[in-house]
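Here is target.txt, consisting of compact mmCIF, C-alpha atoms and all ligand atoms:
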```
# COMPACT_ATOMS: atom_id res chain seq x y z
CA MET W 1 84.62 130.12 165.79
CA TYR W 2 86.77 131.75 163.14
CA ASP W 3 87.33 135.48 163.04
CA TYR W 4 87.05 135.48 159.24
CA LEU W 5 85.52 133.17 156.72
CA ILE W 6 86.95 133.95 153.30
CA VAL W 7 84.85 132.81 150.40
CA GLY W 8 87.10 132.22 147.40
CA ALA W 9 90.76 131.19 147.20
CA GLY W 10 91.67 133.43 144.29
CA LEU W 11 94.26 136.19 144.50
CA PHE W 12 92.01 138.58 146.43
CA GLY W 13 90.83 136.02 148.99
CA SER W 14 94.32 134.58 149.46
CA VAL W 15 95.95 137.96 150.11
CA CYS W 16 93.19 138.86 152.59
CA ALA W 17 93.70 135.51 154.32
CA ARG W 18 97.47 136.05 154.62
CA GLU W 19 97.18 139.65 155.84
CA LEU W 20 94.51 138.84 158.41
CA THR W 21 96.52 135.87 159.66
CA LYS W 22 99.52 138.18 160.08
CA LYS W 23 97.33 140.30 162.33
CA GLY W 24 96.57 137.32 164.52
CA LYS W 25 93.10 136.57 163.15
CA LYS W 26 91.80 133.04 162.87
CA VAL W 27 90.91 132.48 159.24
CA LEU W 28 89.17 129.81 157.18
CA VAL W 29 89.18 129.92 153.37
CA ILE W 30 86.54 128.01 151.41
CA GLU W 31 86.63 127.56 147.66
CA ARG W 32 84.04 125.96 145.42
CA ARG W 33 86.50 124.87 142.77
CA SER W 34 88.76 121.92 143.39
CA HIS W 35 91.88 124.08 143.30
CA ILE W 36 93.22 127.31 144.75
CA GLY W 37 94.22 130.39 142.76
CA GLY W 38 90.98 131.32 140.99
CA ASN W 39 91.75 132.38 137.45
CA VAL W 40 95.48 132.86 138.01
CA TYR W 41 95.75 129.10 138.51
CA THR W 42 98.49 127.41 136.48
CA GLU W 43 99.06 123.70 136.00
CA ASP W 44 102.26 121.84 135.18
CA TYR W 45 102.17 119.87 131.94
CA ASP W 46 105.48 118.02 131.70
CA GLY W 47 107.52 121.05 132.69
CA ILE W 48 105.36 123.75 131.07
CA GLN W 49 103.23 125.95 133.31
CA VAL W 50 99.87 126.27 131.59
CA HIS W 51 97.78 129.32 132.41
CA LYS W 52 94.50 127.40 132.48
CA TYR W 53 92.22 130.43 132.68
CA GLY W 54 94.07 132.73 130.34
CA ALA W 55 97.47 134.39 130.29
CA HIS W 56 98.46 136.36 133.37
CA ILE W 57 101.41 138.70 133.27
CA PHE W 58 102.23 140.50 136.47
CA HIS W 59 103.07 144.18 136.13
CA THR W 60 102.96 147.07 138.55
CA ASN W 61 104.39 150.44 139.46
CA ASP W 62 103.71 149.81 143.11
CA LYS W 63 106.93 148.76 144.80
CA ASP W 64 105.12 147.50 147.88
CA VAL W 65 102.99 145.18 145.78
CA TRP W 66 106.02 144.01 143.78
CA ASP W 67 108.07 143.35 146.93
CA TYR W 68 105.09 141.59 148.44
CA VAL W 69 104.69 139.02 145.63
CA ASN W 70 108.47 138.57 145.41
CA SER W 71 108.60 137.75 149.10
CA PHE W 72 106.69 134.53 148.38
CA VAL W 73 108.28 133.34 145.12
CA GLU W 74 110.94 134.42 142.67
CA PHE W 75 109.74 136.16 139.50
CA ASN W 76 111.38 135.87 136.08
CA ARG W 77 112.08 138.83 133.78
CA PHE W 78 109.36 138.14 131.25
CA THR W 79 108.40 141.19 129.21
CA ASN W 80 105.12 141.07 127.38
CA SER W 81 105.62 141.92 123.72
CA PRO W 82 102.63 140.47 121.88
CA LEU W 83 102.32 140.41 118.11
CA ALA W 84 99.24 141.07 116.01
CA TYR W 85 98.42 138.81 113.08
CA TYR W 86 96.39 140.65 110.46
CA LYS W 87 95.72 139.55 106.88
CA GLY W 88 98.71 137.21 106.74
CA LYS W 89 101.20 139.65 108.26
CA LEU W 90 102.67 140.12 111.71
CA PHE W 91 102.88 143.49 113.46
CA ASN W 92 104.38 144.54 116.76
CA LEU W 93 102.25 145.65 119.68
CA PRO W 94 101.59 147.83 121.56
CA PHE W 95 101.24 150.51 118.90
CA ASN W 96 104.75 151.84 118.54
CA MET W 97 107.31 152.92 115.96
CA ASN W 98 107.71 149.30 114.81
CA THR W 99 103.96 149.00 114.14
CA PHE W 100 103.88 152.33 112.29
CA TYR W 101 106.84 151.28 110.16
CA GLN W 102 105.27 147.90 109.38
CA LEU W 103 101.93 149.51 108.50
CA TRP W 104 102.91 152.73 106.74
CA GLY W 105 106.67 152.57 106.21
CA THR W 106 107.21 155.66 108.40
CA LYS W 107 110.69 155.71 109.92
CA SER W 108 111.02 158.74 112.17
CA PRO W 109 108.69 159.74 115.03
CA LYS W 110 107.96 162.97 113.13
CA GLU W 111 106.78 161.07 110.04
CA ALA W 112 104.72 158.65 112.12
CA LEU W 113 103.14 161.42 114.16
CA SER W 114 102.19 163.37 111.08
CA LYS W 115 100.54 160.22 109.67
CA ILE W 116 98.66 159.59 112.92
CA ASN W 117 97.55 163.22 113.16
CA GLN W 118 96.22 163.09 109.63
CA GLN W 119 94.44 159.82 110.48
CA ARG W 120 92.75 161.11 113.58
CA LYS W 121 91.54 164.39 112.06
CA GLU W 122 87.99 163.05 111.81
CA MET W 123 87.79 163.29 115.61
CA ASP W 124 89.10 166.88 115.78
CA GLY W 125 87.21 168.91 118.34
CA LYS W 126 84.95 165.97 119.23
CA GLU W 127 84.83 164.31 122.61
CA ALA W 128 85.19 160.51 122.32
CA GLU W 129 81.97 158.95 123.54
CA ASN W 130 82.61 155.29 122.91
CA LEU W 131 85.45 152.87 122.26
CA GLU W 132 85.49 153.39 118.50
CA GLU W 133 85.77 157.17 118.83
CA GLN W 134 88.34 156.84 121.58
CA ALA W 135 90.47 154.55 119.40
CA ILE W 136 90.27 156.81 116.37
CA SER W 137 91.13 159.89 118.40
CA LEU W 138 94.10 158.01 119.86
CA VAL W 139 95.61 156.34 116.79
CA GLY W 140 93.42 157.05 113.77
CA ARG W 141 91.35 154.96 111.42
CA ASP W 142 93.96 152.62 109.81
CA ILE W 143 95.11 151.20 113.12
CA TYR W 144 91.57 151.07 114.42
CA GLU W 145 90.38 149.04 111.43
CA ALA W 146 93.36 146.67 111.39
CA PHE W 147 94.01 145.99 115.05
CA ILE W 148 91.16 147.20 117.20
CA LYS W 149 87.72 146.90 115.61
CA GLY W 150 87.76 143.16 114.81
CA TYR W 151 89.53 142.13 118.00
CA THR W 152 87.36 144.26 120.25
CA GLU W 153 84.06 143.23 118.69
CA LYS W 154 85.04 139.55 119.00
CA GLN W 155 86.27 140.01 122.55
CA TRP W 156 83.23 141.86 123.82
CA GLY W 157 80.51 140.55 121.49
CA ARG W 158 79.33 144.11 121.07
CA LYS W 159 79.85 146.90 118.58
CA ALA W 160 82.81 149.11 119.36
CA THR W 161 80.38 152.05 119.26
CA ASP W 162 78.43 150.46 122.14
CA LEU W 163 81.45 149.92 124.39
CA PRO W 164 82.90 152.26 127.02
CA SER W 165 86.06 154.04 125.95
CA PHE W 166 88.01 153.18 129.11
CA ILE W 167 88.68 149.64 127.79
CA ILE W 168 90.96 151.05 125.11
CA LYS W 169 92.72 153.46 127.44
CA ARG W 170 94.64 150.36 128.52
CA LEU W 171 96.34 150.24 125.11
CA PRO W 172 99.53 152.29 125.11
CA VAL W 173 100.79 154.25 122.08
CA ARG W 174 104.54 154.77 121.91
CA MET W 175 106.68 156.95 119.69
CA THR W 176 109.74 154.73 120.28
CA TYR W 177 110.73 151.33 118.90
CA ASP W 178 109.72 149.65 122.15
CA ASN W 179 107.56 146.51 122.06
CA ASN W 180 107.06 146.26 125.81
CA TYR W 181 103.28 146.12 126.22
CA PHE W 182 103.38 147.56 129.71
CA SER W 183 104.95 150.79 130.90
CA ASP W 184 105.17 149.72 134.52
CA LYS W 185 108.42 149.65 136.44
CA PHE W 186 108.08 146.01 137.45
CA GLN W 187 107.04 143.05 135.35
CA GLY W 188 107.45 139.27 135.41
CA ILE W 189 105.93 135.87 136.02
CA PRO W 190 106.43 133.67 139.07
CA ILE W 191 109.00 130.99 138.31
CA GLY W 192 107.15 127.70 138.69
CA GLY W 193 103.78 129.31 137.99
CA TYR W 194 101.09 131.25 139.81
CA THR W 195 99.77 128.25 141.71
CA LYS W 196 103.08 128.18 143.57
CA LEU W 197 102.62 131.86 144.47
CA ILE W 198 99.12 131.25 145.83
CA GLU W 199 100.28 128.13 147.70
CA LYS W 200 102.92 130.24 149.42
CA ILE W 201 100.47 133.02 150.23
CA LEU W 202 98.12 130.46 151.76
CA GLU W 203 100.84 128.49 153.56
CA ASP W 204 99.64 127.24 156.96
CA ILE W 205 96.19 128.74 156.43
CA GLU W 206 93.18 126.42 156.60
CA VAL W 207 91.68 126.01 153.13
CA ARG W 208 88.76 123.78 152.17
CA LEU W 209 88.22 123.06 148.50
CA ASP W 210 85.01 121.97 146.75
CA VAL W 211 82.92 123.89 149.28
CA ASP W 212 80.20 126.11 147.87
CA PHE W 213 79.29 128.87 150.31
CA LEU W 214 76.19 129.83 148.36
CA LYS W 215 74.72 126.32 148.73
CA ASP W 216 74.15 127.05 152.42
CA LYS W 217 74.89 130.65 153.28
CA ALA W 218 73.24 130.51 156.70
CA LEU W 219 75.19 127.46 157.85
CA PHE W 220 78.59 128.72 156.69
CA SER W 221 77.94 132.18 158.07
CA GLU W 222 77.80 130.75 161.57
CA LEU W 223 81.40 129.60 161.32
CA ALA W 224 82.91 133.07 161.65
CA LYS W 225 82.41 136.53 163.07
CA LYS W 226 83.00 138.15 159.68
CA ILE W 227 82.89 137.03 156.07
CA ILE W 228 84.86 138.23 153.08
CA TYR W 229 82.98 137.25 149.95
CA THR W 230 84.91 137.32 146.65
CA GLY W 231 82.41 135.67 144.29
CA PRO W 232 79.97 137.31 141.89
CA ILE W 233 77.90 139.91 143.73
CA ASP W 234 74.70 139.21 141.77
CA GLU W 235 74.91 135.50 142.58
CA PHE W 236 75.26 136.28 146.30
CA PHE W 237 71.90 138.04 146.13
CA GLU W 238 70.34 135.26 144.07
CA TYR W 239 70.12 137.47 140.99
CA GLN W 240 67.15 139.24 142.55
CA TYR W 241 67.50 142.29 140.29
CA GLY W 242 68.63 140.23 137.31
CA LYS W 243 72.01 139.00 136.09
CA LEU W 244 75.04 141.15 135.48
CA ASP W 245 76.66 140.55 132.08
CA TYR W 246 80.10 139.03 131.80
CA ARG W 247 82.20 137.96 128.89
CA SER W 248 83.30 134.41 129.14
CA LEU W 249 86.12 132.59 127.38
CA ARG W 250 86.64 129.10 126.09
CA PHE W 251 90.18 127.82 125.99
CA MET W 252 91.26 125.15 123.54
CA HIS W 253 94.51 123.74 124.90
CA GLU W 254 96.63 121.72 122.50
CA ARG W 255 99.86 119.78 123.02
CA ILE W 256 102.15 119.84 120.00
CA GLU W 257 105.23 117.65 119.60
CA GLU W 258 107.30 120.54 118.42
CA GLU W 259 109.83 122.58 120.33
CA ASN W 260 108.65 126.01 119.33
CA TYR W 261 105.31 126.68 117.64
CA GLN W 262 105.01 130.44 117.22
CA GLY W 263 108.16 131.92 118.76
CA ASN W 264 106.27 134.25 121.08
CA ALA W 265 104.07 133.90 124.16
CA VAL W 266 101.13 135.86 122.73
CA ILE W 267 99.90 136.44 119.19
CA ASN W 268 96.64 138.36 118.78
CA TYR W 269 94.43 137.58 115.79
CA THR W 270 92.81 140.89 115.09
CA GLU W 271 90.59 140.01 112.10
CA ALA W 272 86.87 139.58 112.69
CA ASN W 273 86.70 136.39 110.63
CA VAL W 274 89.11 134.39 112.83
CA SER W 275 86.95 133.32 115.76
CA TYR W 276 89.67 133.19 118.42
CA THR W 277 91.30 136.37 119.72
CA ARG W 278 94.74 135.02 120.52
CA ILE W 279 97.06 132.05 120.62
CA ILE W 280 99.15 131.67 123.74
CA GLU W 281 102.28 129.51 123.74
CA HIS W 282 102.84 128.92 127.43
CA LYS W 283 106.48 127.86 127.43
CA HIS W 284 107.55 131.35 126.30
CA PHE W 285 106.31 132.84 129.57
CA ASP W 286 109.46 131.35 131.04
CA VAL W 287 112.63 129.69 129.81
CA VAL W 288 111.93 125.97 129.63
CA ASP W 289 113.68 123.29 127.70
CA THR W 290 111.14 120.75 126.43
CA SER W 291 110.73 118.97 123.11
CA HIS W 292 106.98 119.60 123.18
CA THR W 293 104.91 122.75 123.47
CA ILE W 294 101.41 123.70 124.62
CA ILE W 295 99.32 126.30 122.90
CA THR W 296 95.93 127.72 123.80
CA LYS W 297 93.43 129.32 121.48
CA GLU W 298 91.19 131.77 123.27
CA TYR W 299 87.57 132.02 122.09
CA PRO W 300 85.45 134.75 123.65
CA SER W 301 81.80 133.98 124.33
CA GLU W 302 78.80 135.50 126.04
CA TRP W 303 78.44 134.36 129.61
CA THR W 304 75.44 132.25 130.55
CA LEU W 305 74.64 130.64 133.87
CA GLY W 306 77.14 127.90 134.65
CA ASP W 307 80.01 129.43 132.62
CA GLU W 308 83.06 130.99 134.23
CA PRO W 309 82.65 134.77 134.38
CA TYR W 310 85.83 136.50 133.15
CA TYR W 311 85.39 140.11 132.12
CA PRO W 312 82.72 142.32 133.67
CA VAL W 313 80.89 144.33 131.00
CA ASN W 314 81.12 147.77 132.54
CA ASP W 315 78.65 149.53 130.27
CA ASP W 316 75.97 151.90 131.57
CA LYS W 317 73.23 149.27 131.82
CA ASN W 318 75.39 146.89 133.85
CA MET W 319 76.87 149.60 136.04
CA ALA W 320 73.36 150.75 136.97
CA LEU W 321 72.48 147.18 137.94
CA PHE W 322 75.73 146.75 139.84
CA LYS W 323 74.93 149.88 141.87
CA LYS W 324 71.71 148.26 143.04
CA TYR W 325 73.58 145.18 144.22
CA LYS W 326 76.21 147.34 145.85
CA ALA W 327 73.52 149.13 147.83
CA LEU W 328 72.22 145.74 148.99
CA SER W 329 75.72 144.67 150.00
CA LYS W 330 75.98 147.65 152.35
CA LYS W 331 73.08 146.21 154.29
CA GLU W 332 74.98 142.99 155.06
CA PRO W 333 76.59 143.83 158.41
CA LYS W 334 78.72 140.72 158.56
CA VAL W 335 79.87 140.46 154.96
CA LEU W 336 82.59 142.42 153.16
CA PHE W 337 82.66 142.22 149.37
CA GLY W 338 85.89 142.39 147.40
CA GLY W 339 87.78 141.34 144.28
CA ARG W 340 87.02 141.27 140.56
CA LEU W 341 83.68 139.48 140.81
CA ALA W 342 82.27 141.07 143.96
CA GLU W 343 83.31 144.58 142.88
CA TYR W 344 82.42 143.92 139.21
CA LYS W 345 85.71 145.49 138.11
CA TYR W 346 88.12 144.89 135.25
CA TYR W 347 91.05 144.45 137.61
CA ASP W 348 94.70 143.64 136.91
CA MET W 349 96.44 141.41 139.46
CA HIS W 350 98.42 144.22 141.11
CA GLN W 351 95.21 146.18 141.58
CA VAL W 352 93.57 143.15 143.18
CA ILE W 353 96.40 142.93 145.69
CA ALA W 354 96.28 146.65 146.48
CA SER W 355 92.53 146.39 146.93
CA ALA W 356 92.93 143.43 149.31
CA PHE W 357 95.49 145.42 151.35
CA HIS W 358 93.03 148.27 151.49
CA LEU W 359 90.16 146.09 152.66
CA VAL W 360 92.25 144.50 155.40
CA SER W 361 93.47 147.88 156.64
CA LYS W 362 89.87 149.07 156.76
CA VAL W 363 88.50 146.11 158.69
CA GLU W 364 91.15 146.64 161.31
CA GLU W 365 89.58 150.00 162.14
CA ILE W 366 86.24 148.33 162.87
N1 LIG X 401 92.62 145.29 122.06
C1 LIG X 401 92.54 145.42 120.68
N2 LIG X 401 93.46 144.77 119.90
C2 LIG X 401 94.47 144.04 120.42
C3 LIG X 401 94.57 143.92 121.82
C4 LIG X 401 93.63 144.56 122.62
O1 LIG X 401 91.65 146.06 120.18
O2 LIG X 401 95.28 143.48 119.64
C5 LIG X 401 91.61 146.00 122.90
C6 LIG X 401 90.39 145.12 123.16
O3 LIG X 401 89.25 145.95 123.20
C7 LIG X 401 90.69 144.56 124.52
C8 LIG X 401 91.41 145.72 125.21
O4 LIG X 401 92.15 146.32 124.15
O5 LIG X 401 89.52 144.18 125.21
C9 LIG X 401 92.35 145.31 126.33
O6 LIG X 401 93.18 144.28 125.87
P1 LIG X 401 94.32 143.60 126.75
O7 LIG X 401 94.92 142.50 125.94
O8 LIG X 401 95.22 144.65 127.26
O9 LIG X 401 93.51 143.03 128.00
P2 LIG X 401 93.27 141.58 128.57
O10 LIG X 401 92.26 140.93 127.68
O11 LIG X 401 94.57 140.88 128.53
O12 LIG X 401 92.73 141.85 129.95
```
Please re-express this file's structure in structure tokens.
Amino acid sequence: MYDYLIVGAGLFGSVCARELTKKGKKVLVIERRSHIGGNVYTEDYDGIQVHKYGAHIFHTNDKDVWDYVNSFVEFNRFTNSPLAYYKGKLFNLPFNMNTFYQLWGTKSPKEALSKINQQRKEMDGKEAENLEEQAISLVGRDIYEAFIKGYTEKQWGRKATDLPSFIIKRLPVRMTYDNNYFSDKFQGIPIGGYTKLIEKILEDIEVRLDVDFLKDKALFSELAKKIIYTGPIDEFFEYQYGKLDYRSLRFMHERIEEENYQGNAVINYTEANVSYTRIIEHKHFDVVDTSHTIITKEYPSEWTLGDEPYYPVNDDKNMALFKKYKALSKKEPKVLFGGRLAEYKYYDMHQVIASAFHLVSKVEEI
């Protein structure tokens, strides 16, 4: 009999497994995919670590979380500085003095600010009620039209006026010539890829791959005193109230016999008429010396049964449905729910780790 059965070998499940093992618990991890790591999984293609389920860049302000991941593997000093491709031109992101200069020719912060203030006047005195209004009140109409509207509507498959404003709160606006996408104190990518990180976290822990808990919940539940379930919460309850919406992604990976394709890890394509949202060139996430390169075009799509769920759609309709599932989950005495899919949350990796720490500290009180 195990103390804990952990369903899902992604970041959340793996950290829970490690922390519970540290506390002397007997743990079994089961995973329905044929590999560990969930969506942070990376695969080696002749020396290039390919982020198979989309680019992951680790960033955090939490020193404990940073020290934690660094205790398993070494991180490089990658700094995310994506570019935006719009109507044949390249612009720096996040929105900063470089972007303002490229777009308007403004040179000083004073000039740029006066331009932005003039641009966002239409929102004066109004409370932003959706993503479009939030974006305009933050940076004004020019930037919204060039870099946000097309990208966002492709990404989410919904009108920017129908999306919650919190999505855009992630986008920083800087009055300095600083192209670092994140403002966090710590940032980097595990040298050798994320799979190595997860392998280290799960070292000496029993993991069984290709095992689908939901195929026989009753049988698997007998294996342990407690269960930590990290899969989609609606699927656990057999979609009894209906399906939660997710955005899914399709990745078109391409090997090119060229040393350097685009000169940057991430280029966003912000126009509505280009159907992918970004092109990732994986080798630039680290310093690797290869004569070939691997790029990935990222195509957003609506999630349907059988697809990988990526982004939860945290609009009012889905949050109301999620609440119903959450209430059901409270009635499962043996099962704890956690992670991006079970909590239906747009989590970054550092938040996932902090949340796993929190869950483990809580179960200890029980
Ligand atoms: N976004 C945008 N233009 C961009 C990049 C991002 O409008 O060039 C918006 C878009 O709505 C997106 C959100 O900002 O969903 C968050 O994007 P980010 O790249 O930070 O998140 P990720 O998709 O990497 O989780």
Could you check the closest approach to ligand LIG 401 (chain X) for each of W:Leu171, W:Val207, W:Ala342, W:Val288 and tell me which residue wins, using only C-alpha atoms and all ligand atoms?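 Closest candidate: W:Leu171.
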Kindly provide, as a ChimeraX atom specification, all nucleotide and amino acid residues lying within 8 Å of ligand LIG 401 (chain X), counting all atoms listed in the file. /W:55-56,83-84,93-94,131,144,147-153,155-156,167-171,268-270,311,346,348
Shell of 9 Å around range 323-332 of chain W, only C-alpha atoms, local chain residues under 3 positions omitted, as a ChimeraX atom specification: /W:233-234,237,240-241,318-320,335-337,342-343
Nearest candidate to Asp62 in chain W (options W:Gln351, W:Gln262, W:Thr296, W:Phe12; using all atoms listed in the file):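 Under the stated criterion, the closest residue is W:Gln351.
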Would you mind listing what lies within 9 Å of Met123 in chain W as a PyMOL selection string, with all atoms listed in the file counted and same-chain residues fewer than 3 positions away left out? chain W and resi 120+126-128+133-134+136-137+140
I'd like to know which of W:Glu308, W:Glu235, W:Glu129, W:Glu259 is closest to His284 in chain W, using all atoms listed in the file.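 Closest to His284 in chain W of all the choices is W:Glu259.
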I want to know what sits within 10 Å of Ser71 in chain W, based on all atoms listed in the file, with residues of the same chain fewer than 6 positions away left out; could you give that as a list in words?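 After dropping sequence-adjacent residues, the list is Val65, Leu197, Lys200 and Ile201 of chain W.
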Of W:Phe322, W:Tyr246, W:Tyr4, W:Phe72, the one nearest to Glu302 in chain W when counting all atoms listed in the file is W:Tyr246
